[in-house]
Amino acid sequence: EPEVTQTPSHQVTQMGQEVILRCVPISNHLYFYWYRQILGQKVEFLVSFYNNEISEKSEIFDDQFSVERPDGSNFTLKIRSTKLEDSAMYFCASRRDPGANVLTFGAGSRLTVL
Amino acid sequence: TQLLEQSPQFLSIQEGENLTVYCNSSSVFSSLQWYRQEPGEGPVLLVTVVTGGEVKKLKRLTFQFGDARKDSSLHITAAQPGDTGLYLCAGVEGKFQFGAGTQVVVTP
C-alpha cells in the first residue's frame, strides 16, 4: 500500500539551529500538508501546498517556517531558527487532489529542541 | 475557525465493554474522518463519512455522521486491549481540522 515517508524519525537540535524535515508524499498525490503535535496536545494544521505554492497556512506558520518541493518527490519543512517551543511531532500528509477526502499521514518526525 | 470538540477527553474501560466517543461542531463539513493514533506514530485513517445520517461499520466499530453533517460518533462494541489509542476526528472543509481527541484505554 502506498505510504507517506518522513525523515528523520527523530532529530535533536540546539535552540537557534536550522532544521529541515523531509517528506516523500504518495507519488500521484497533488496536495501536501504539514501538521504538528506538541506532546499531549492536539494535531495542529501548519500549511498546505498545491501546485508548487502554499495554498493555506495557519498563524503558527510564521516567518521561521518555510516549505519547498525541491524536486518531483520531496516535500520539505524548514524551521529557520528553532525555539524550545518548536519541540513536537511533525506530520506530513498528502491527498490525491483537492476533491479527495482521504488524507494519508506519514509516521512523523519528532523534533526535540534543547 | 471551525472547531471540533471531542468528548470525553479520556475513557478507561474493561475488555468486553462498549464505548461511544463523540465529535461535535457548530459548522457543517463536507465529510468527516476518524483516525486512531498510537504513541509515537502518525494518525491512521479508520473511516470517512460523507453523507448526512450515514452509518459505517468496520468490524466492531460503528461510525455515524449526523443528519446535519455537524457531528459524528464512534461506537466500539466489546472493546479489546488492541483498541487502546487516541481517537481523532477531522472535519474536511478545505483543510482538515482536527479535534483534540479522546484517549481510550481498554484494560484486560
# chains A, B, ... in the order shown; residues from 1 in each chain; ligands from 1
>>> closest_atom_pairs(of="chain B", to="chain A", cutoff="8 Å", atoms="only C-alpha atoms", output="Markdown table")
| residue | atom | partner | partner_atom | distance |
| --- | --- | --- | --- | --- |
| B:Ser31 | CA | A:Asn101 | CA | 7.1 |
| B:Gly40 | CA | A:Gly108 | CA | 7.8 |
| B:Glu41 | CA | A:Ala107 | CA | 5.1 |
| B:Gly42 | CA | A:Ala107 | CA | 4.4 |
| B:Pro43 | CA | A:Phe105 | CA | 6.4 |
| B:Val44 | CA | A:Phe105 | CA | 7.0 |
| B:Leu45 | CA | A:Thr104 | CA | 7.4 |
| B:Thr48 | CA | A:Val102 | CA | 7.4 |
| B:Val92 | CA | A:Asn101 | CA | 7.0 |
| B:Gly94 | CA | A:Pro98 | CA | 7.9 |
| B:Lys95 | CA | A:Ser48 | CA | 7.6 |
| B:Phe96 | CA | A:Phe45 | CA | 7.6 |
| B:Gln97 | CA | A:Phe45 | CA | 7.0 |
| B:Phe98 | CA | A:Val43 | CA | 6.2 |
| B:Gly99 | CA | A:Lys42 | CA | 6.8 |
| B:Ala100 | CA | A:Lys42 | CA | 4.5 |
| B:Gly101 | CA | A:Lys42 | CA | 7.0 |
>>> write_last_selection(atoms="C-alpha atoms", output="PDB file, in the first residue's frame")
ATOM      1  CA  SER B  31     -17.030  14.993   5.170  1.00  0.00           C
ATOM      2  CA  GLY B  40       4.931   7.996  18.641  1.00  0.00           C
ATOM      3  CA  GLU B  41       3.078   7.310  15.430  1.00  0.00           C
ATOM      4  CA  GLY B  42       1.033   9.243  12.922  1.00  0.00           C
ATOM      5  CA  PRO B  43      -2.764   9.169  12.792  1.00  0.00           C
ATOM      6  CA  VAL B  44      -4.141   6.216  10.853  1.00  0.00           C
ATOM      7  CA  LEU B  45      -7.378   6.676   8.966  1.00  0.00           C
ATOM      8  CA  THR B  48     -14.547   8.693   6.126  1.00  0.00           C
ATOM      9  CA  VAL B  92     -12.957  18.259   5.980  1.00  0.00           C
ATOM     10  CA  GLY B  94     -10.857  22.708   2.515  1.00  0.00           C
ATOM     11  CA  LYS B  95      -8.171  21.952   5.043  1.00  0.00           C
ATOM     12  CA  PHE B  96      -8.519  19.146   7.541  1.00  0.00           C
ATOM     13  CA  GLN B  97      -9.284  20.395  11.050  1.00  0.00           C
ATOM     14  CA  PHE B  98      -8.695  18.020  13.938  1.00  0.00           C
ATOM     15  CA  GLY B  99     -10.396  17.663  17.271  1.00  0.00           C
ATOM     16  CA  ALA B 100      -8.283  17.252  20.413  1.00  0.00           C
ATOM     17  CA  GLY B 101      -9.026  13.534  20.540  1.00  0.00           C
TER      18      GLY B 101
END
>>> residues_around(residues="Val47 in chain B", least_positions_apart="6", cutoff="8 Å", atoms="only C-alpha atoms", output="ChimeraX atom specification")
/B:33-35,56,63
>>> write_last_selection(atoms="all heavy atoms", output="compact mmCIF listing (two decimals), in the first residue's frame")
# COMPACT_ATOMS: atom_id res chain seq x y z
N GLN B 33 -13.68 12.56 9.08
CA GLN B 33 -12.86 11.37 9.18
C GLN B 33 -12.57 11.04 10.64
O GLN B 33 -12.47 11.93 11.49
CB GLN B 33 -11.53 11.58 8.45
CG GLN B 33 -11.70 11.85 6.97
CD GLN B 33 -10.37 11.82 6.26
OE1 GLN B 33 -9.38 12.29 6.77
NE2 GLN B 33 -10.36 11.24 5.07
N TRP B 34 -12.41 9.75 10.89
CA TRP B 34 -11.96 9.27 12.19
C TRP B 34 -10.60 8.60 12.01
O TRP B 34 -10.40 7.82 11.07
CB TRP B 34 -12.94 8.27 12.79
CG TRP B 34 -14.18 8.90 13.37
CD1 TRP B 34 -15.36 9.09 12.73
CD2 TRP B 34 -14.34 9.41 14.69
NE1 TRP B 34 -16.27 9.70 13.59
CE2 TRP B 34 -15.66 9.90 14.80
CE3 TRP B 34 -13.51 9.49 15.81
CZ2 TRP B 34 -16.16 10.47 15.97
CZ3 TRP B 34 -14.00 10.06 16.97
CH2 TRP B 34 -15.31 10.54 17.04
N TYR B 35 -9.69 8.95 12.91
CA TYR B 35 -8.36 8.37 12.92
C TYR B 35 -8.08 7.76 14.29
O TYR B 35 -8.64 8.19 15.31
CB TYR B 35 -7.28 9.45 12.69
CG TYR B 35 -7.28 10.10 11.34
CD1 TYR B 35 -8.17 11.12 11.04
CD2 TYR B 35 -6.37 9.71 10.37
CE1 TYR B 35 -8.16 11.73 9.80
CE2 TYR B 35 -6.34 10.32 9.12
CZ TYR B 35 -7.24 11.32 8.86
OH TYR B 35 -7.22 11.93 7.63
N LYS B 56 -21.46 3.75 9.09
CA LYS B 56 -20.49 2.81 8.54
C LYS B 56 -20.00 1.89 9.64
O LYS B 56 -19.79 2.34 10.78
CB LYS B 56 -19.30 3.55 7.91
CG LYS B 56 -19.56 4.09 6.53
CD LYS B 56 -18.27 4.55 5.88
CE LYS B 56 -18.51 4.97 4.45
NZ LYS B 56 -17.28 5.47 3.79
N PHE B 63 -19.55 3.88 12.98
CA PHE B 63 -19.39 5.32 12.84
C PHE B 63 -20.70 5.89 12.30
O PHE B 63 -21.30 5.34 11.40
CB PHE B 63 -18.27 5.64 11.84
CG PHE B 63 -16.95 5.03 12.19
CD1 PHE B 63 -16.65 3.73 11.80
CD2 PHE B 63 -16.01 5.74 12.91
CE1 PHE B 63 -15.44 3.16 12.11
CE2 PHE B 63 -14.78 5.17 13.23
CZ PHE B 63 -14.51 3.88 12.83
>>> atom_distance(atom1="CA of Gln9 in chain B", atom2="CA of Gln37 in chain B")
14.2 Å
>>> residues_around(residues="Gln103 in chain B", least_positions_apart="5", cutoff="6 Å", atoms="only C-alpha atoms", output="VMD selection string")
chain B and resid 10 85 to 86
>>> write_last_selection(atoms="N, CA, C and O atoms", output="JSON list (two decimals), in the first residue's frame")
[["chain", "number", "residue", "atom", "x", "y", "z"],
["B", 10, "PHE", "N", -11.09, 11.47, 27.97],
["B", 10, "PHE", "CA", -10.41, 10.25, 28.38],
["B", 10, "PHE", "C", -11.46, 9.22, 28.77],
["B", 10, "PHE", "O", -12.46, 9.57, 29.40],
["B", 85, "GLY", "N", -5.98, 3.62, 22.25],
["B", 85, "GLY", "CA", -5.36, 4.63, 21.41],
["B", 85, "GLY", "C", -6.06, 5.96, 21.52],
["B", 85, "GLY", "O", -7.05, 6.10, 22.24],
["B", 86, "LEU", "N", -5.53, 6.93, 20.80],
["B", 86, "LEU", "CA", -6.14, 8.26, 20.75],
["B", 86, "LEU", "C", -7.01, 8.32, 19.50],
["B", 86, "LEU", "O", -6.51, 8.12, 18.40]]
>>> residues_around(residues="Val12 in chain A", least_positions_apart="3", cutoff="8 Å", atoms="only C-alpha atoms", output="PyMOL selection string")
chain A and resi 111-114
>>> select_by_dssp(residues="range 11-40 of chain A", states="strand (DSSP E)", output="PyMOL selection string")
chain A and resi 11-13+19-24+31-37
>>> write_last_selection(atoms="all heavy atoms", output="short mmCIF file (atom, residue, chain, number, x, y, z; two decimals), in the first residue's frame")
data_model
loop_
_atom_site.label_atom_id
_atom_site.label_comp_id
_atom_site.auth_asym_id
_atom_site.auth_seq_id
_atom_site.Cartn_x
_atom_site.Cartn_y
_atom_site.Cartn_z
N GLN A 11 14.91 14.01 15.52
CA GLN A 11 16.05 14.92 15.43
C GLN A 11 16.13 15.75 16.70
O GLN A 11 15.13 16.30 17.15
CB GLN A 11 15.94 15.83 14.21
CG GLN A 11 17.11 16.77 14.06
CD GLN A 11 17.29 17.28 12.65
OE1 GLN A 11 16.61 16.86 11.73
NE2 GLN A 11 18.22 18.21 12.49
N VAL A 12 17.36 15.82 17.21
CA VAL A 12 17.62 16.65 18.38
C VAL A 12 18.51 17.80 17.91
O VAL A 12 19.50 17.58 17.22
CB VAL A 12 18.34 15.85 19.50
CG1 VAL A 12 18.60 16.74 20.70
CG2 VAL A 12 17.51 14.63 19.88
N THR A 13 18.14 19.00 18.28
CA THR A 13 18.90 20.16 17.81
C THR A 13 19.00 21.19 18.92
O THR A 13 18.23 21.17 19.89
CB THR A 13 18.23 20.77 16.57
OG1 THR A 13 19.09 21.76 15.99
CG2 THR A 13 16.91 21.45 16.93
N VAL A 19 16.55 23.54 10.98
CA VAL A 19 16.16 22.14 10.84
C VAL A 19 15.37 21.97 9.55
O VAL A 19 14.55 22.83 9.21
CB VAL A 19 15.29 21.71 12.05
CG1 VAL A 19 14.50 20.47 11.76
CG2 VAL A 19 16.15 21.49 13.28
N ILE A 20 15.65 20.90 8.85
CA ILE A 20 14.85 20.56 7.66
C ILE A 20 14.26 19.17 7.86
O ILE A 20 14.99 18.20 8.10
CB ILE A 20 15.70 20.57 6.38
CG1 ILE A 20 16.23 21.99 6.11
CG2 ILE A 20 14.86 20.11 5.18
CD1 ILE A 20 17.15 22.09 4.91
N LEU A 21 12.95 19.10 7.78
CA LEU A 21 12.26 17.82 7.88
C LEU A 21 11.79 17.44 6.47
O LEU A 21 11.26 18.28 5.74
CB LEU A 21 11.06 17.93 8.83
CG LEU A 21 11.38 18.43 10.24
CD1 LEU A 21 10.11 18.53 11.07
CD2 LEU A 21 12.40 17.55 10.91
N ARG A 22 11.99 16.19 6.15
CA ARG A 22 11.71 15.75 4.79
C ARG A 22 10.55 14.77 4.71
O ARG A 22 10.32 13.98 5.62
CB ARG A 22 12.96 15.11 4.18
CG ARG A 22 14.07 16.10 3.94
CD ARG A 22 15.31 15.50 3.31
NE ARG A 22 16.23 16.53 2.84
CZ ARG A 22 17.05 17.23 3.60
NH1 ARG A 22 17.08 17.00 4.89
NH2 ARG A 22 17.83 18.15 3.08
N CYS A 23 9.86 14.85 3.61
CA CYS A 23 8.68 14.02 3.39
C CYS A 23 8.67 13.58 1.92
O CYS A 23 8.99 14.38 1.03
CB CYS A 23 7.42 14.82 3.72
SG CYS A 23 5.86 14.05 3.24
N VAL A 24 8.32 12.33 1.70
CA VAL A 24 8.05 11.86 0.35
C VAL A 24 6.58 11.48 0.30
O VAL A 24 6.18 10.44 0.85
CB VAL A 24 8.94 10.67 -0.04
CG1 VAL A 24 8.61 10.21 -1.46
CG2 VAL A 24 10.41 11.03 0.08
N TYR A 31 -1.68 17.27 -3.32
CA TYR A 31 -1.90 18.20 -2.22
C TYR A 31 -1.06 17.74 -1.03
O TYR A 31 -1.14 16.57 -0.66
CB TYR A 31 -3.37 18.17 -1.80
CG TYR A 31 -4.11 19.47 -1.93
CD1 TYR A 31 -4.95 19.71 -3.00
CD2 TYR A 31 -3.98 20.45 -0.96
CE1 TYR A 31 -5.65 20.90 -3.09
CE2 TYR A 31 -4.67 21.64 -1.05
CZ TYR A 31 -5.51 21.86 -2.11
OH TYR A 31 -6.20 23.03 -2.20
N PHE A 32 -0.28 18.63 -0.44
CA PHE A 32 0.62 18.23 0.63
C PHE A 32 0.41 19.12 1.85
O PHE A 32 0.08 20.31 1.71
CB PHE A 32 2.07 18.33 0.16
CG PHE A 32 2.30 17.72 -1.19
CD1 PHE A 32 2.77 18.50 -2.24
CD2 PHE A 32 2.02 16.39 -1.43
CE1 PHE A 32 2.96 17.95 -3.50
CE2 PHE A 32 2.20 15.83 -2.68
CZ PHE A 32 2.67 16.61 -3.73
N TYR A 33 0.63 18.52 3.01
CA TYR A 33 0.35 19.22 4.26
C TYR A 33 1.47 18.98 5.26
O TYR A 33 2.11 17.93 5.24
CB TYR A 33 -0.94 18.68 4.90
CG TYR A 33 -2.19 18.86 4.09
CD1 TYR A 33 -2.49 17.99 3.04
CD2 TYR A 33 -3.09 19.88 4.37
CE1 TYR A 33 -3.64 18.14 2.30
CE2 TYR A 33 -4.25 20.03 3.63
CZ TYR A 33 -4.51 19.16 2.61
OH TYR A 33 -5.67 19.31 1.88
N TRP A 34 1.63 19.93 6.15
CA TRP A 34 2.38 19.70 7.38
C TRP A 34 1.48 20.03 8.55
O TRP A 34 0.78 21.06 8.56
CB TRP A 34 3.64 20.57 7.44
CG TRP A 34 4.76 20.07 6.60
CD1 TRP A 34 5.15 20.53 5.38
CD2 TRP A 34 5.66 18.99 6.92
NE1 TRP A 34 6.21 19.81 4.93
CE2 TRP A 34 6.56 18.85 5.85
CE3 TRP A 34 5.81 18.13 8.02
CZ2 TRP A 34 7.58 17.91 5.82
CZ3 TRP A 34 6.81 17.19 8.00
CH2 TRP A 34 7.69 17.09 6.91
N TYR A 35 1.51 19.10 9.51
CA TYR A 35 0.82 19.30 10.79
C TYR A 35 1.84 19.11 11.89
O TYR A 35 2.88 18.47 11.69
CB TYR A 35 -0.29 18.26 10.99
CG TYR A 35 -1.54 18.47 10.17
CD1 TYR A 35 -1.59 18.08 8.84
CD2 TYR A 35 -2.66 19.04 10.74
CE1 TYR A 35 -2.74 18.26 8.10
CE2 TYR A 35 -3.83 19.23 10.00
CZ TYR A 35 -3.86 18.83 8.69
OH TYR A 35 -5.01 19.01 7.95
N ARG A 36 1.57 19.65 13.06
CA ARG A 36 2.43 19.35 14.19
C ARG A 36 1.57 18.97 15.39
O ARG A 36 0.39 19.36 15.48
CB ARG A 36 3.35 20.52 14.52
CG ARG A 36 2.70 21.58 15.36
CD ARG A 36 3.68 22.56 15.92
NE ARG A 36 2.98 23.50 16.79
CZ ARG A 36 3.48 24.65 17.19
NH1 ARG A 36 4.71 25.00 16.83
NH2 ARG A 36 2.79 25.43 17.97
N GLN A 37 2.19 18.24 16.28
CA GLN A 37 1.51 17.82 17.50
C GLN A 37 2.50 17.93 18.65
O GLN A 37 3.44 17.13 18.76
CB GLN A 37 0.98 16.40 17.37
CG GLN A 37 0.13 15.94 18.54
CD GLN A 37 -0.43 14.55 18.32
OE1 GLN A 37 0.21 13.69 17.73
NE2 GLN A 37 -1.65 14.30 18.81
#
>>> residues_around(residues="Ser30 in chain B", least_positions_apart="3", cutoff="8 Å", atoms="only C-alpha atoms", output="PDB file with N, CA, C and O atoms, in the first residue's frame")
ATOM      1  N   VAL B  50     -19.456  10.774   4.659  1.00  0.00           N
ATOM      2  CA  VAL B  50     -19.711  11.870   3.719  1.00  0.00           C
ATOM      3  C   VAL B  50     -21.166  12.340   3.737  1.00  0.00           C
ATOM      4  O   VAL B  50     -21.436  13.534   3.688  1.00  0.00           O
ATOM      5  N   ARG B  69     -24.632  16.947   9.268  1.00  0.00           N
ATOM      6  CA  ARG B  69     -23.184  16.891   8.946  1.00  0.00           C
ATOM      7  C   ARG B  69     -22.366  17.817   9.837  1.00  0.00           C
ATOM      8  O   ARG B  69     -21.385  18.416   9.409  1.00  0.00           O
ATOM      9  N   GLY B  91     -12.599  17.217  10.564  1.00  0.00           N
ATOM     10  CA  GLY B  91     -13.594  17.751   9.655  1.00  0.00           C
ATOM     11  C   GLY B  91     -12.925  18.223   8.387  1.00  0.00           C
ATOM     12  O   GLY B  91     -11.852  18.828   8.430  1.00  0.00           O
ATOM     13  N   VAL B  92     -13.524  17.900   7.262  1.00  0.00           N
ATOM     14  CA  VAL B  92     -12.957  18.259   5.980  1.00  0.00           C
ATOM     15  C   VAL B  92     -13.802  19.367   5.355  1.00  0.00           C
ATOM     16  O   VAL B  92     -14.954  19.167   5.018  1.00  0.00           O
ATOM     17  N   GLU B  93     -13.221  20.529   5.267  1.00  0.00           N
ATOM     18  CA  GLU B  93     -13.839  21.647   4.550  1.00  0.00           C
ATOM     19  C   GLU B  93     -12.683  22.495   4.050  1.00  0.00           C
ATOM     20  O   GLU B  93     -12.276  23.465   4.682  1.00  0.00           O
TER      21      GLU B  93
END
